[in-house]
Amino acid sequence: MNSFMNMRSLVFLSILFSFFSCTVEIDVGVEAPEWILEPPKVSETHRTIRGQAAAETIAEAQLAAFDDLKSALIEMMELGYVEYWSDEGKRAFEILFDAILHTIKNDKPSDFGVELGAQGAWKSGGNQIHYAVEINWERKAFEEQALQLFELIGATNTQIQSYVSRARAAIRENETYEAALLWATVAGISRTVDIEAGYSFALKEVERSLGSLEISLVEVPDRVFVGLRPALPVVFFVSSHGRPVGNAEFIITYPNKARDGSIYIAKALVLSDMEGLVKFRPPEVVVSGPQELTIAPSARPFLDLFGEERDASIENFEANLEKPRAVASYDAQVRIRSIPMGILIVETDLVGNVLGETDAAEGLFGDLIADDFNVSIIELNPVEVLLLSERALLRDLKADIRFGGKYERVIHGRVSLDSFEQVGDVYTVRVSGILAMSDIQKQVTLFSSEITKTSQGAASQQAISAAFRQFGRSFAGEIIKLAP
């Protein structure tokens, strides 16, 4: 408590004046009381403050202990160095402490939450007499009294006065975020001039002001695809007591992909507009499935005002403030599912004649539709299609308004009946071919696959249809793998 030793010079006259009126009649024992061997108790409802000293007489020991109690009180209230106090603050503190001494002397609870906890006197080796006293102060009343004292002792600092007045005016006008910034300025100035009470209380006011912020989700993009940036932003609404909060900084978190391909949570800083709306359009979506974005007030504007020093209180403030207040969720699909695609597959027999069936196309179509793909079967004369090269087919599809304006991609190819065998009542059929998926607009083939399938059945046509259908389903499986 060395930083508070200059209190002796400040209160010497007060102590001298109170020498006879404030000393307490008490028996002097031969052993220290048991409670003095333990540190002051900490309670959720009360603050316990202790003063202790030794002198040649009980009166001198009491006065020295009261002086020690005063120093402990200043330290617990975090009122800082006395040289920074205003005269009004010094007078107010002396009045308060005189009232505390009166409470100790009369052993009756005060009307400001203080009561005598314990006191005792005892002799030690030599001629020294020890005296110790504890007071219990109701926690809420203690904090209110400390705040009042801070406002008085800080009156000598015109900057603190000015910002406190502006912060209170902002609160009256329900300018919550502005008030929080002003209180943060008070905290920074208080720390600079070592008024810890000012710093502590201002920090609490910042937290209280920001605690009143209410954030709600307004809208999310309705159609989002992997590899593309959402067309519309995520929108949050920020208010305080029903009033929009504008020009406030928030942190948005969203999934992103690192260079090594791993997914991590990225952060972006966004300001609310004057209507209290926070709009954030995420970058390119990197992963399919549920997308989760969170929003929280940013601590950065306040940390800049607190000063360069970072202690536990600042770290806790930052961690608590930047906890998510609201969440936006929506699904992102792999775009291949939504791309309009046509299916155009020609089936041929053992000698290359067109069969005129659509089993392969229907097998492909059924599985893709079941997996939410946007596909349909193109109806064209298969004989004419068989005569076209891949390049000519893509050219004609793009030029034909029925297809070029409807489809972006086409799944096309030829599947042939390779073998047909009967052993007893069982028919064995093998089909093979190459299917491709091409971009009609860009006139390029994206990928292709050579497939062979075998099927057995009790009826010849049943076995043939099953083989072609399995062929189509096999290619559907390859496409689905592209869109997990």
# chains A, B, ... in the order shown; residues from 1 in each chain; ligands from 1
>>> residues_around(residues="Thr45 (chain A)", least_positions_apart="4", cutoff="12 Å", atoms="only C-alpha atoms", output="list in words")
Lys41, Gly113, Asn136, Trp137, Glu138, Arg139, Lys140, Ala141, Phe142 and Glu143 of chain A
>>> select_by_dssp(residues="region 199-299 of chain A", states="strand (DSSP E or B)", output="ChimeraX atom specification")
/A:213-219,224-226,234-240,243-244,249-257,263-271,277-280,289-297
>>> write_last_selection(atoms="N, CA and C atoms", output="compact mmCIF listing (two decimals), in the first residue's frame")
# COMPACT_ATOMS: atom_id res chain seq x y z
N LEU A 213 -27.21 -3.81 -26.87
CA LEU A 213 -27.38 -3.99 -28.31
C LEU A 213 -28.19 -5.25 -28.60
N GLU A 214 -29.14 -5.12 -29.49
CA GLU A 214 -29.95 -6.26 -29.92
C GLU A 214 -29.70 -6.49 -31.40
N ILE A 215 -29.34 -7.72 -31.76
CA ILE A 215 -29.03 -8.05 -33.15
C ILE A 215 -29.96 -9.15 -33.63
N SER A 216 -30.62 -8.90 -34.74
CA SER A 216 -31.55 -9.89 -35.29
C SER A 216 -31.23 -10.12 -36.77
N LEU A 217 -31.53 -11.32 -37.23
CA LEU A 217 -31.30 -11.67 -38.62
C LEU A 217 -32.45 -11.18 -39.48
N VAL A 218 -32.13 -10.50 -40.57
CA VAL A 218 -33.15 -9.97 -41.48
C VAL A 218 -33.35 -10.89 -42.67
N GLU A 219 -32.27 -11.23 -43.37
CA GLU A 219 -32.40 -12.12 -44.53
C GLU A 219 -31.08 -12.79 -44.86
N VAL A 224 -27.65 -20.51 -53.05
CA VAL A 224 -26.20 -20.36 -52.92
C VAL A 224 -25.52 -21.62 -53.45
N PHE A 225 -24.45 -21.40 -54.22
CA PHE A 225 -23.78 -22.53 -54.85
C PHE A 225 -22.28 -22.49 -54.56
N VAL A 226 -21.71 -23.68 -54.39
CA VAL A 226 -20.27 -23.79 -54.16
C VAL A 226 -19.52 -23.26 -55.38
N VAL A 234 -25.98 -11.32 -46.61
CA VAL A 234 -26.62 -11.63 -45.33
C VAL A 234 -26.86 -10.29 -44.64
N VAL A 235 -28.05 -10.11 -44.08
CA VAL A 235 -28.40 -8.81 -43.48
C VAL A 235 -28.84 -9.01 -42.03
N PHE A 236 -28.22 -8.25 -41.13
CA PHE A 236 -28.61 -8.22 -39.72
C PHE A 236 -29.11 -6.82 -39.39
N PHE A 237 -29.97 -6.75 -38.38
CA PHE A 237 -30.47 -5.46 -37.89
C PHE A 237 -30.00 -5.27 -36.45
N VAL A 238 -29.38 -4.12 -36.19
CA VAL A 238 -28.84 -3.82 -34.87
C VAL A 238 -29.62 -2.65 -34.27
N SER A 239 -30.07 -2.83 -33.04
CA SER A 239 -30.83 -1.77 -32.38
C SER A 239 -30.51 -1.75 -30.89
N SER A 240 -30.92 -0.68 -30.25
CA SER A 240 -30.81 -0.55 -28.80
C SER A 240 -32.08 0.11 -28.31
N ARG A 243 -34.17 1.44 -31.10
CA ARG A 243 -33.61 2.46 -32.00
C ARG A 243 -32.45 1.87 -32.80
N PRO A 244 -32.42 2.07 -34.14
CA PRO A 244 -31.32 1.55 -34.95
C PRO A 244 -29.97 2.09 -34.49
N GLU A 249 -19.14 -0.94 -35.48
CA GLU A 249 -18.30 -1.96 -36.13
C GLU A 249 -18.60 -3.34 -35.57
N PHE A 250 -18.74 -4.31 -36.48
CA PHE A 250 -19.06 -5.68 -36.09
C PHE A 250 -18.11 -6.66 -36.77
N ILE A 251 -17.98 -7.82 -36.14
CA ILE A 251 -17.18 -8.91 -36.70
C ILE A 251 -18.12 -9.96 -37.28
N ILE A 252 -17.91 -10.30 -38.54
CA ILE A 252 -18.65 -11.38 -39.18
C ILE A 252 -17.69 -12.55 -39.36
N THR A 253 -18.11 -13.73 -38.95
CA THR A 253 -17.30 -14.93 -39.20
C THR A 253 -17.99 -15.79 -40.25
N TYR A 254 -17.20 -16.45 -41.08
CA TYR A 254 -17.74 -17.28 -42.16
C TYR A 254 -16.70 -18.33 -42.55
N PRO A 255 -17.13 -19.45 -43.14
CA PRO A 255 -16.17 -20.49 -43.54
C PRO A 255 -15.38 -20.06 -44.77
N ASN A 256 -14.09 -20.38 -44.78
CA ASN A 256 -13.24 -20.06 -45.92
C ASN A 256 -12.23 -21.19 -46.10
N LYS A 257 -11.56 -21.18 -47.23
CA LYS A 257 -10.61 -22.25 -47.54
C LYS A 257 -9.19 -21.69 -47.57
N ILE A 263 -10.43 -26.08 -44.37
CA ILE A 263 -11.48 -25.09 -44.11
C ILE A 263 -11.23 -24.45 -42.74
N TYR A 264 -11.32 -23.13 -42.69
CA TYR A 264 -11.14 -22.40 -41.44
C TYR A 264 -12.20 -21.31 -41.33
N ILE A 265 -12.32 -20.72 -40.15
CA ILE A 265 -13.29 -19.66 -39.93
C ILE A 265 -12.60 -18.31 -40.12
N ALA A 266 -13.04 -17.59 -41.13
CA ALA A 266 -12.47 -16.28 -41.44
C ALA A 266 -13.31 -15.19 -40.77
N LYS A 267 -12.72 -13.99 -40.66
CA LYS A 267 -13.39 -12.86 -40.04
C LYS A 267 -13.37 -11.65 -40.96
N ALA A 268 -14.42 -10.88 -40.89
CA ALA A 268 -14.49 -9.62 -41.64
C ALA A 268 -15.09 -8.55 -40.74
N LEU A 269 -14.61 -7.32 -40.88
CA LEU A 269 -15.14 -6.19 -40.12
C LEU A 269 -16.11 -5.42 -41.01
N VAL A 270 -17.31 -5.17 -40.48
CA VAL A 270 -18.35 -4.50 -41.24
C VAL A 270 -19.01 -3.44 -40.37
N LEU A 271 -19.32 -2.29 -40.97
CA LEU A 271 -20.01 -1.21 -40.26
C LEU A 271 -21.50 -1.28 -40.52
N LEU A 277 -28.54 -1.47 -40.27
CA LEU A 277 -28.38 -2.72 -41.03
C LEU A 277 -26.90 -3.04 -41.24
N VAL A 278 -26.57 -4.28 -40.97
CA VAL A 278 -25.22 -4.79 -41.25
C VAL A 278 -25.35 -5.75 -42.42
N LYS A 279 -24.75 -5.38 -43.55
CA LYS A 279 -24.87 -6.18 -44.77
C LYS A 279 -23.51 -6.77 -45.12
N PHE A 280 -23.49 -8.07 -45.30
CA PHE A 280 -22.24 -8.75 -45.63
C PHE A 280 -22.50 -9.77 -46.72
N GLY A 289 -23.26 -27.69 -48.29
CA GLY A 289 -23.98 -27.97 -47.06
C GLY A 289 -24.30 -26.72 -46.28
N PRO A 290 -24.64 -26.87 -45.01
CA PRO A 290 -25.03 -25.72 -44.18
C PRO A 290 -23.89 -24.71 -44.05
N GLN A 291 -24.21 -23.45 -44.25
CA GLN A 291 -23.27 -22.34 -44.07
C GLN A 291 -23.70 -21.57 -42.82
N GLU A 292 -22.75 -21.28 -41.95
CA GLU A 292 -23.07 -20.56 -40.71
C GLU A 292 -22.20 -19.32 -40.61
N LEU A 293 -22.86 -18.17 -40.51
CA LEU A 293 -22.19 -16.90 -40.30
C LEU A 293 -22.62 -16.36 -38.95
N THR A 294 -21.69 -15.77 -38.21
CA THR A 294 -22.03 -15.18 -36.91
C THR A 294 -21.68 -13.70 -36.93
N ILE A 295 -22.30 -12.97 -36.02
CA ILE A 295 -22.03 -11.54 -35.89
C ILE A 295 -21.84 -11.21 -34.42
N ALA A 296 -20.90 -10.32 -34.15
CA ALA A 296 -20.62 -9.86 -32.79
C ALA A 296 -20.04 -8.46 -32.87
N PRO A 297 -20.24 -7.65 -31.83
CA PRO A 297 -19.59 -6.33 -31.81
C PRO A 297 -18.08 -6.49 -31.86
>>> closest_residue(among="A:Ile411, A:Ala92, A:Val285, A:Val444", to="Ala476 (chain A)", atoms="only C-alpha atoms")
A:Ile411
>>> residues_around(residues="Leu69 (chain A)", least_positions_apart="3", cutoff="9 Å", atoms="only C-alpha atoms", output="count of residues only")
12
>>> residues_around(residues="Asn320 (chain A)", least_positions_apart="2", cutoff="10 Å", atoms="only C-alpha atoms", output="list in words")
Glu207, Ala296, Pro297, Ala299, Ile314, Glu315, Asn316, Phe317, Glu318, Glu322, Lys323 and Pro324 of chain A
>>> residues_around(residues="Glu196 (chain A)", least_positions_apart="5", cutoff="7 Å", atoms="only C-alpha atoms", output="ChimeraX atom specification")
/A:78-80,190-191
>>> residues_around(residues="region 359-372 of chain A", least_positions_apart="6", cutoff="12 Å", atoms="only C-alpha atoms", output="CSV table (one decimal) with C-alpha atoms, in the first residue's frame")
chain,number,residue,atom,x,y,z
A,333,GLN,CA,-25.4,-26.6,-53.1
A,334,VAL,CA,-22.8,-27.8,-55.6
A,335,ARG,CA,-23.9,-25.9,-58.7
A,336,ILE,CA,-23.9,-28.9,-60.9
A,337,ARG,CA,-27.2,-29.9,-59.3
A,338,SER,CA,-28.9,-26.7,-60.5
A,339,ILE,CA,-27.5,-26.5,-64.0
A,340,PRO,CA,-30.1,-27.4,-66.6
A,341,MET,CA,-28.9,-30.6,-68.3
A,342,GLY,CA,-30.4,-32.6,-71.1
A,343,ILE,CA,-29.9,-36.4,-71.6
A,344,LEU,CA,-29.4,-37.7,-75.2
A,345,ILE,CA,-28.2,-41.4,-75.3
A,346,VAL,CA,-28.5,-43.6,-78.3
A,347,GLU,CA,-28.9,-47.4,-77.8
A,348,THR,CA,-27.8,-49.8,-80.6
A,378,ILE,CA,-34.1,-34.7,-74.9
A,379,GLU,CA,-36.4,-36.1,-77.5
A,410,VAL,CA,-25.9,-32.3,-72.2
A,411,ILE,CA,-25.1,-35.9,-71.2
A,412,HIS,CA,-24.7,-37.7,-74.4
A,413,GLY,CA,-23.2,-40.8,-76.0
A,414,ARG,CA,-23.8,-44.3,-77.5
A,415,VAL,CA,-24.3,-47.6,-75.7
A,416,SER,CA,-24.2,-50.8,-77.6
A,417,LEU,CA,-25.3,-54.3,-77.0
A,431,VAL,CA,-23.5,-53.6,-72.9
A,432,SER,CA,-20.8,-51.0,-73.2
A,433,GLY,CA,-20.2,-47.5,-74.5
A,434,ILE,CA,-18.9,-44.1,-73.7
A,435,LEU,CA,-20.9,-41.3,-72.1
A,451,ILE,CA,-18.6,-48.2,-69.0
A,453,LYS,CA,-22.4,-53.5,-67.7
A,461,GLN,CA,-36.0,-58.2,-73.1
A,462,GLN,CA,-35.9,-57.9,-69.3
A,463,ALA,CA,-32.2,-58.7,-69.3
A,464,ILE,CA,-31.5,-56.2,-72.1
A,465,SER,CA,-33.5,-53.4,-70.5
A,466,ALA,CA,-31.8,-54.0,-67.1
A,467,ALA,CA,-28.3,-53.9,-68.7
A,468,PHE,CA,-28.9,-50.6,-70.4
A,469,ARG,CA,-30.6,-49.2,-67.3
A,470,GLN,CA,-27.6,-50.2,-65.1
A,471,PHE,CA,-25.3,-48.6,-67.7
A,472,GLY,CA,-27.1,-45.2,-67.3
A,473,ARG,CA,-27.2,-45.5,-63.5
A,474,SER,CA,-23.5,-46.1,-63.4
A,475,PHE,CA,-22.8,-42.8,-65.2
A,476,ALA,CA,-25.3,-41.1,-62.9
A,477,GLY,CA,-23.2,-42.3,-59.9
A,478,GLU,CA,-20.1,-40.7,-61.4
A,479,ILE,CA,-21.9,-37.4,-61.8
A,480,ILE,CA,-23.3,-37.5,-58.3
A,481,LYS,CA,-19.7,-38.0,-56.9
A,482,LEU,CA,-18.9,-34.6,-58.4
A,483,ALA,CA,-21.6,-33.1,-56.2
A,484,PRO,CA,-21.2,-34.6,-52.7
>>> atom_distance(atom1="CA of Ala328 (chain A)", atom2="CA of Ala231 (chain A)")
15.7 Å
>>> select_by_dssp(residues="region 171-303 of chain A", states="alpha helix (DSSP H)", output="MDAnalysis selection string")
chainID A and resid 171:172 176:192 196:211 300:303
>>> write_last_selection(atoms="C-alpha atoms", output="CSV table (one decimal), in the first residue's frame")
chain,number,residue,atom,x,y,z
A,171,ILE,CA,-27.2,7.6,-23.0
A,172,ARG,CA,-30.1,10.0,-22.5
A,176,THR,CA,-25.8,3.6,-27.0
A,177,TYR,CA,-22.8,2.9,-29.2
A,178,GLU,CA,-21.6,6.5,-29.1
A,179,ALA,CA,-21.9,6.3,-25.3
A,180,ALA,CA,-19.8,3.2,-25.2
A,181,LEU,CA,-17.0,4.9,-27.2
A,182,LEU,CA,-17.1,7.9,-24.9
A,183,TRP,CA,-16.9,5.7,-21.8
A,184,ALA,CA,-13.9,3.9,-23.5
A,185,THR,CA,-12.2,7.2,-23.8
A,186,VAL,CA,-12.8,7.9,-20.1
A,187,ALA,CA,-11.3,4.5,-19.3
A,188,GLY,CA,-8.2,5.3,-21.4
A,189,ILE,CA,-7.7,8.7,-19.8
A,190,SER,CA,-8.2,7.3,-16.3
A,191,ARG,CA,-5.6,4.7,-16.9
A,192,THR,CA,-3.2,7.3,-18.1
A,196,GLU,CA,-8.0,2.9,-11.5
A,197,ALA,CA,-11.5,3.5,-10.2
A,198,GLY,CA,-12.2,5.7,-13.2
A,199,TYR,CA,-10.8,3.0,-15.5
A,200,SER,CA,-12.8,0.2,-13.9
A,201,PHE,CA,-16.1,2.0,-13.8
A,202,ALA,CA,-15.7,3.3,-17.3
A,203,LEU,CA,-15.0,-0.2,-18.5
A,204,LYS,CA,-18.1,-1.4,-16.9
A,205,GLU,CA,-20.1,1.4,-18.5
A,206,VAL,CA,-18.8,0.3,-21.9
A,207,GLU,CA,-19.9,-3.2,-21.3
A,208,ARG,CA,-23.3,-2.1,-20.0
A,209,SER,CA,-23.9,0.1,-23.0
A,210,LEU,CA,-22.9,-2.6,-25.5
A,211,GLY,CA,-24.9,-5.2,-23.6
A,300,ARG,CA,-11.2,-3.0,-32.0
A,301,PRO,CA,-12.6,0.6,-31.7
A,302,PHE,CA,-12.6,0.3,-27.9
A,303,LEU,CA,-9.2,-1.3,-27.6
>>> atom_distance(atom1="CA of Thr57 (chain A)", atom2="CA of Asp27 (chain A)")
12.3 Å
